[in-house]
Every structure is written in C-alpha cells, then in structure tokens.
>>> print(open('data.cif').read())   # mmCIF, C-alpha atoms
data_input
loop_
_atom_site.label_atom_id
_atom_site.label_comp_id
_atom_site.auth_asym_id
_atom_site.auth_seq_id
_atom_site.Cartn_x
_atom_site.Cartn_y
_atom_site.Cartn_z
CA MET C 7 -79.86 109.40 61.10
CA SER C 8 -82.25 112.23 60.22
CA GLY C 9 -84.55 109.72 58.50
CA LYS C 10 -84.72 107.68 61.69
CA PHE C 11 -85.68 110.74 63.74
CA ALA C 12 -88.27 111.67 61.11
CA SER C 13 -89.93 108.26 61.60
CA ILE C 14 -91.14 109.46 65.04
CA PRO C 15 -94.47 111.28 64.48
CA ASN C 16 -94.63 113.15 67.81
CA ALA C 17 -92.46 116.30 67.99
CA TYR C 18 -91.91 115.99 71.78
CA VAL C 19 -90.77 112.35 71.52
CA ARG C 20 -88.60 113.17 68.51
CA SER C 21 -86.83 116.03 70.32
CA ARG C 22 -86.31 113.96 73.47
CA VAL C 23 -84.80 111.07 71.50
CA ARG C 24 -82.56 113.53 69.62
CA ARG C 25 -81.39 115.07 72.94
CA ARG C 26 -80.53 111.60 74.29
CA PHE C 27 -78.56 110.79 71.13
CA ILE C 28 -76.64 114.09 71.37
CA LYS C 29 -75.97 113.53 75.08
CA ASP C 30 -74.57 110.02 74.45
CA THR C 31 -72.44 111.36 71.59
CA VAL C 32 -71.05 114.22 73.68
CA ILE C 33 -70.19 111.86 76.56
CA CYS C 34 -68.37 109.40 74.29
CA VAL C 35 -66.52 112.02 72.26
CA GLY C 36 -65.65 114.02 75.39
CA PHE C 37 -64.18 110.96 77.10
CA ASP C 38 -62.13 110.16 74.00
CA SER C 39 -60.91 113.76 73.75
CA VAL C 40 -59.63 113.65 77.33
CA LEU C 41 -57.78 110.38 76.68
CA ILE C 42 -56.21 111.68 73.49
CA ALA C 43 -55.18 114.92 75.21
CA LEU C 44 -53.56 112.94 78.05
CA THR C 45 -51.70 110.80 75.52
CA ILE C 46 -50.36 113.88 73.77
CA LEU C 47 -49.43 115.63 77.02
CA THR C 48 -47.60 112.63 78.48
CA ARG C 49 -45.89 111.89 75.14
CA SER C 50 -46.18 108.20 75.76
CA TYR C 51 -46.29 106.55 72.37
CA SER C 52 -45.26 102.99 73.15
CA PRO C 53 -47.36 100.36 71.35
CA GLY C 54 -48.63 98.89 74.63
CA TYR C 55 -49.73 102.27 75.95
CA LEU C 56 -51.41 103.22 72.68
CA THR C 57 -53.26 99.90 72.62
CA PHE C 58 -54.43 100.52 76.18
CA ILE C 59 -55.64 104.03 75.23
CA ALA C 60 -57.41 102.65 72.14
CA ILE C 61 -59.28 100.13 74.30
CA LEU C 62 -60.25 102.90 76.72
CA CYS C 63 -61.46 105.02 73.77
CA ILE C 64 -63.82 102.21 72.72
CA ALA C 65 -65.12 101.65 76.28
CA PRO C 66 -67.65 104.52 76.47
CA TYR C 67 -69.29 103.43 73.22
CA LEU C 68 -69.77 99.94 74.65
CA CYS C 69 -70.86 101.12 78.11
CA CYS C 70 -73.40 103.59 76.69
CA HIS C 71 -74.68 100.94 74.25
CA TYR C 72 -73.94 103.55 71.58
CA ILE C 73 -74.09 100.97 68.78
CA LYS C 74 -77.84 100.61 69.42
CA TRP C 75 -78.41 104.07 67.94
CA PHE C 76 -77.21 102.79 64.55
CA ARG C 77 -78.93 99.39 64.66
CA ASP C 78 -82.28 100.66 65.96
CA VAL C 79 -85.15 101.39 63.56
CA THR C 80 -88.85 102.19 63.81
CA PHE C 81 -90.92 99.07 63.09
CA GLU C 82 -94.33 97.60 63.78
CA GLY C 83 -95.75 94.13 63.96
CA GLU C 84 -97.79 91.64 65.92
CA ILE C 85 -96.63 89.94 69.09
CA ILE C 86 -96.60 86.23 68.37
CA GLU C 87 -95.00 85.14 71.64
CA ALA C 88 -94.82 86.89 75.01
CA LYS C 89 -93.01 85.40 77.99
CA TYR C 90 -92.40 87.13 81.29
CA ARG C 91 -91.08 86.29 84.68
CA GLU C 92 -90.79 88.14 87.95
CA TYR C 93 -87.17 88.34 88.99
CA MET C 94 -87.23 90.82 91.85
CA THR C 95 -89.69 92.27 94.35
CA LEU C 96 -88.76 95.39 96.27
CA ARG C 97 -90.73 96.17 99.41
CA SER C 98 -90.64 99.59 100.99
CA ALA C 99 -90.46 99.92 104.76
CA GLY C 100 -93.30 101.29 106.87
CA GLY C 101 -96.99 101.19 106.27
CA GLY C 102 -97.70 104.81 105.48
CA PRO C 103 -98.52 106.51 102.21
CA GLY C 104 -96.26 105.53 99.37
CA SER C 105 -95.43 102.16 100.90
CA GLY C 106 -95.99 98.97 99.04
CA SER C 107 -94.02 96.66 96.84
CA VAL C 108 -92.62 96.94 93.36
CA SER C 109 -92.29 93.83 91.25
CA ILE C 110 -89.78 93.90 88.42
CA PHE C 111 -90.58 91.67 85.47
CA GLU C 112 -88.46 90.66 82.56
CA GLN C 113 -90.50 90.22 79.41
CA ASP C 114 -89.32 88.60 76.20
CA LEU C 115 -91.39 89.43 73.12
CA LYS C 116 -91.28 87.86 69.70
CA ILE C 117 -92.70 90.28 67.12
CA ARG C 118 -93.53 89.44 63.50
CA SER C 119 -93.35 92.41 61.11
CA PRO C 120 -95.71 92.58 58.10
CA ASP C 121 -92.76 91.57 55.88
CA GLY C 122 -92.42 88.34 57.91
CA LYS C 123 -89.27 89.39 59.79
CA ILE C 124 -89.13 88.19 63.41
CA ARG C 125 -87.72 90.60 66.01
CA LEU C 126 -86.87 89.76 69.60
CA VAL C 127 -87.42 92.47 72.22
CA LYS C 128 -86.41 92.18 75.87
CA LEU C 129 -87.91 94.57 78.43
CA ASP C 130 -87.59 95.19 82.15
CA ILE C 131 -90.98 96.29 83.48
CA ARG C 132 -91.77 97.67 86.92
CA ASP C 133 -95.23 96.91 88.27
CA TYR C 134 -96.30 99.20 91.13
CA ASP C 135 -98.96 97.37 93.06
CA LYS C 136 -100.21 99.91 95.61
CA SER C 137 -99.84 103.65 95.62
CA GLY C 138 -97.22 103.80 92.91
CA LYS C 139 -97.58 106.31 90.12
CA TYR C 140 -98.11 103.89 87.27
CA PHE C 141 -98.60 100.33 86.21
CA ALA C 142 -96.35 99.30 83.35
CA PRO C 143 -98.28 97.27 80.80
CA ILE C 144 -97.69 93.61 80.17
CA TYR C 145 -97.79 92.98 76.45
CA ALA C 146 -99.81 89.99 75.31
CA GLU C 147 -99.80 87.71 72.30
CA GLY C 148 -101.87 89.13 69.47
CA ASP C 149 -101.20 92.79 70.34
CA ARG C 150 -100.28 94.99 67.39
CA VAL C 151 -97.35 97.15 68.47
CA ARG C 152 -94.98 99.75 67.07
CA HIS C 153 -91.44 100.48 68.25
CA TYR C 154 -90.17 104.00 67.64
CA TYR C 155 -86.50 104.70 67.02
CA GLY C 156 -84.55 105.51 70.20
CA THR C 157 -87.31 104.55 72.64
CA LYS C 158 -87.60 101.62 75.02
CA PHE C 159 -91.26 100.64 75.28
CA LEU C 160 -93.66 99.60 72.53
CA GLN C 161 -96.81 101.50 71.61
CA LYS C 162 -99.91 99.31 71.45
CA LEU C 163 -101.87 100.09 68.28
CA GLY C 164 -105.63 100.32 67.98
CA GLU C 165 -108.41 102.71 68.94
CA ASP C 166 -109.39 100.54 71.91
CA LYS C 167 -105.83 100.50 73.33
CA ALA C 168 -104.72 102.90 76.05
CA PRO C 169 -101.67 104.90 74.95
CA VAL C 170 -98.37 103.65 76.35
CA CYS C 171 -95.52 106.03 77.20
CA VAL C 172 -92.60 104.91 75.05
CA PHE C 173 -90.13 106.24 77.66
CA CYS C 174 -91.39 104.88 81.00
CA GLY C 175 -93.93 102.25 79.92
CA ALA C 176 -96.86 103.78 81.81
CA GLN C 177 -100.31 103.00 80.50
CA ASN C 178 -102.40 106.16 80.17
CA LEU C 179 -106.06 106.87 79.53
CA CYS C 180 -107.44 107.11 75.99
CA GLY C 181 -107.31 110.72 74.86
CA ASP C 182 -104.34 111.67 77.06
CA THR C 183 -101.62 113.65 75.29
CA VAL C 184 -99.11 113.71 78.17
CA CYS C 185 -97.92 110.77 80.29
CA GLY C 186 -99.32 110.94 83.81
CA ALA C 187 -96.21 109.27 85.25
CA CYS C 188 -93.24 111.02 83.66
CA GLY C 189 -94.76 113.96 81.78
CA ALA C 190 -93.50 112.86 78.37
CA GLY C 191 -95.63 113.50 75.27
CA LEU C 192 -97.70 110.55 74.11
CA ILE C 193 -97.94 109.27 70.55
CA ASP C 194 -101.41 108.81 69.06
CA ASN C 195 -101.83 105.04 68.86
CA THR C 196 -104.75 105.05 66.42
CA LYS C 197 -102.53 105.83 63.40
#
>>> encode(input="data.cif", output="structure tokens")
Amino acid sequence: MSGKFASIPNAYVRSRVRRRFIKDTVICVGFDSVLIALTILTRSYSPGYLTFIAILCIAPYLCCHYIKWFRDVTFEGEIIEAKYREYMTLRSAGGGPGSGSVSIFEQDLKIRSPDGKIRLVKLDIRDYDKSGKYFAPIYAEGDRVRHYYGTKFLQKLGEDKAPVCVFCGAQNLCGDTVCGACGAGLIDNTK
C-alpha cells in the first residue's frame, strides 16, 4: 500500500487519501470488533448464528467499497471515448442569491493507457449553472488524463489545461495551488 500512496506527488493529496483509507479501515474493523464481542458475550455459537455474524462482518467492507482500495492504482492515458448523460436536475426554491439549478451528469470514460490497456471510468458530475461555487469539468475525447490512487476525479494533463481538483472535480485557474471550491491541494498537471 505504501507504494500506492507514494505514487501521489502532492503531499496534501497523499495525506488526505491516507486519512480516508485509515478512516474506512477503522470503521470496518470497529464494526467487526463489536460483532465479535457480542458473539462472545452472548455465547451463541450455533452454526446459523455464526454464519449470520460472518455475513454481517463482511457487510461494512462491501458497503464502504473497501475492496476498491486494493484494486485502485495510479494510471494515465488518453480518453478514447467519452459519453455522458444528464440524469437529474435539482432546482432550488426562490430567486435570491444562491438559487439556480444543479444538473447531475453521469459520464462514462474509456481510457487507453500507454501500454494499450483499456480502463473504464464512471463518474457522477455536478454542474452548477448559476451562482454555484464550481463547474465540474466534462472530459472530452483526446484529453490526456491521470488518475491518482484513492481519488475520484481525473487530472487533465498539459500546460494549457486548467488544474482539476481530484476530490471534488472543480476546474481551477492555471497557477492555482489550492482548489477554490473545497480547499484541497491541487496537483501540478504539467508533469
């Protein structure tokens, strides 16, 4: 796992991803510890009860998508196919400041790595159309992108590309070091 964390060049992003991993681990192990303690205290060792407890012990790992931490890797490539569709629009009431609508898109990306491997990435993207804090980028075919271990959004690569926050998906201005939407550190996209 330490090699996967080391693949993240930005110290802020690396520490935040590490904290999320530790948090997920503590939640899963804590839940399992409570179940095991209850089993010992109740002294119920029937096969049916133990099977039920075993299933409950596995549940937090599935609910937290814990397996993704072991399957995920840092990779880069070129988007060869980008499809998106709007599946929900939320409108806020009133007409004052902060009102407007938020469209939620689902975007399916097909990314080809330099070694020829094809990866499929599915994203939910919120597009704030009025006075929202940020506009999440829509990735396009031909974009060179990099995914960092433990993060959700892809960094667009190239000196002419605005840095993308890998946590919230906000597009920032060139030269920014901190995300204007969520305050997370930004990764230099020219490397």
>>> atom_distance(input="data.cif", atom1="atom CA of C:Lys29", atom2="atom CA of C:Arg77")
17.8 Å
>>> resolve_selection(input="data.cif", expression="the PyMOL selection byres ((chain C and resi 152-169) around 10)", output="VMD selection string")
chain C and resid 10 to 15 19 to 20 22 to 24 26 to 27 74 to 84 117 119 127 to 131 142 to 143 145 149 to 151 170 to 185 192 to 197
>>> atom_distance(input="data.cif", atom1="atom CA of C:Ala146", atom2="atom CA of C:Ala88")
5.9 Å
>>> resolve_selection(input="data.cif", expression="the PyMOL selection byres ((chain C and resi 42) around 12)", output="PyMOL selection string")
chain C and resi 35-41+43-51+55-56+58-63
>>> atom_distance(input="data.cif", atom1="atom CA of C:Gly186", atom2="atom CA of C:Ala17")
18.1 Å
>>> closest_residue(input="data.cif", among="C:Asp114, C:Asp30, C:Glu87, C:Asp121", to="C:Gly148", atoms="all atoms listed in the file")
C:Glu87
>>> decode(input="data.cif", residues="stretch 44-58 of chain C", atoms="N, CA and C atoms", output="CSV table (one decimal), in the first residue's frame")
chain,number,residue,atom,x,y,z
C,44,LEU,N,-20.0,-9.1,20.8
C,44,LEU,CA,-21.4,-9.5,21.1
C,44,LEU,C,-21.5,-11.0,21.0
C,45,THR,N,-20.9,-11.6,20.0
C,45,THR,CA,-20.9,-13.1,19.9
C,45,THR,C,-20.3,-13.8,21.1
C,46,ILE,N,-19.2,-13.2,21.5
C,46,ILE,CA,-18.5,-13.8,22.7
C,46,ILE,C,-19.4,-13.6,24.0
C,47,LEU,N,-19.9,-12.4,24.1
C,47,LEU,CA,-20.7,-12.1,25.3
C,47,LEU,C,-22.0,-12.9,25.4
C,48,THR,N,-22.7,-13.1,24.2
C,48,THR,CA,-23.9,-13.9,24.2
C,48,THR,C,-23.7,-15.4,24.2
C,49,ARG,N,-22.5,-15.8,23.9
C,49,ARG,CA,-22.1,-17.2,23.9
C,49,ARG,C,-23.0,-18.1,23.0
C,50,SER,N,-23.4,-17.4,21.9
C,50,SER,CA,-24.2,-18.1,20.9
C,50,SER,C,-23.3,-18.6,19.8
C,51,TYR,N,-23.0,-19.9,19.8
C,51,TYR,CA,-22.1,-20.5,18.8
C,51,TYR,C,-22.8,-21.5,17.8
C,52,SER,N,-24.1,-21.3,17.6
C,52,SER,CA,-24.7,-22.2,16.7
C,52,SER,C,-24.2,-21.9,15.3
C,53,PRO,N,-24.2,-22.9,14.4
C,53,PRO,CA,-23.7,-22.6,13.0
C,53,PRO,C,-24.5,-21.5,12.3
C,54,GLY,N,-25.8,-21.5,12.5
C,54,GLY,CA,-26.6,-20.5,11.8
C,54,GLY,C,-26.3,-19.1,12.3
C,55,TYR,N,-26.1,-19.0,13.6
C,55,TYR,CA,-25.8,-17.7,14.2
C,55,TYR,C,-24.4,-17.2,13.8
C,56,LEU,N,-23.4,-18.1,13.8
C,56,LEU,CA,-22.1,-17.7,13.3
C,56,LEU,C,-22.0,-17.4,11.9
C,57,THR,N,-22.8,-18.0,11.0
C,57,THR,CA,-22.9,-17.7,9.6
C,57,THR,C,-23.5,-16.3,9.5
C,58,PHE,N,-24.5,-16.0,10.2
C,58,PHE,CA,-25.2,-14.7,10.2
C,58,PHE,C,-24.2,-13.6,10.6
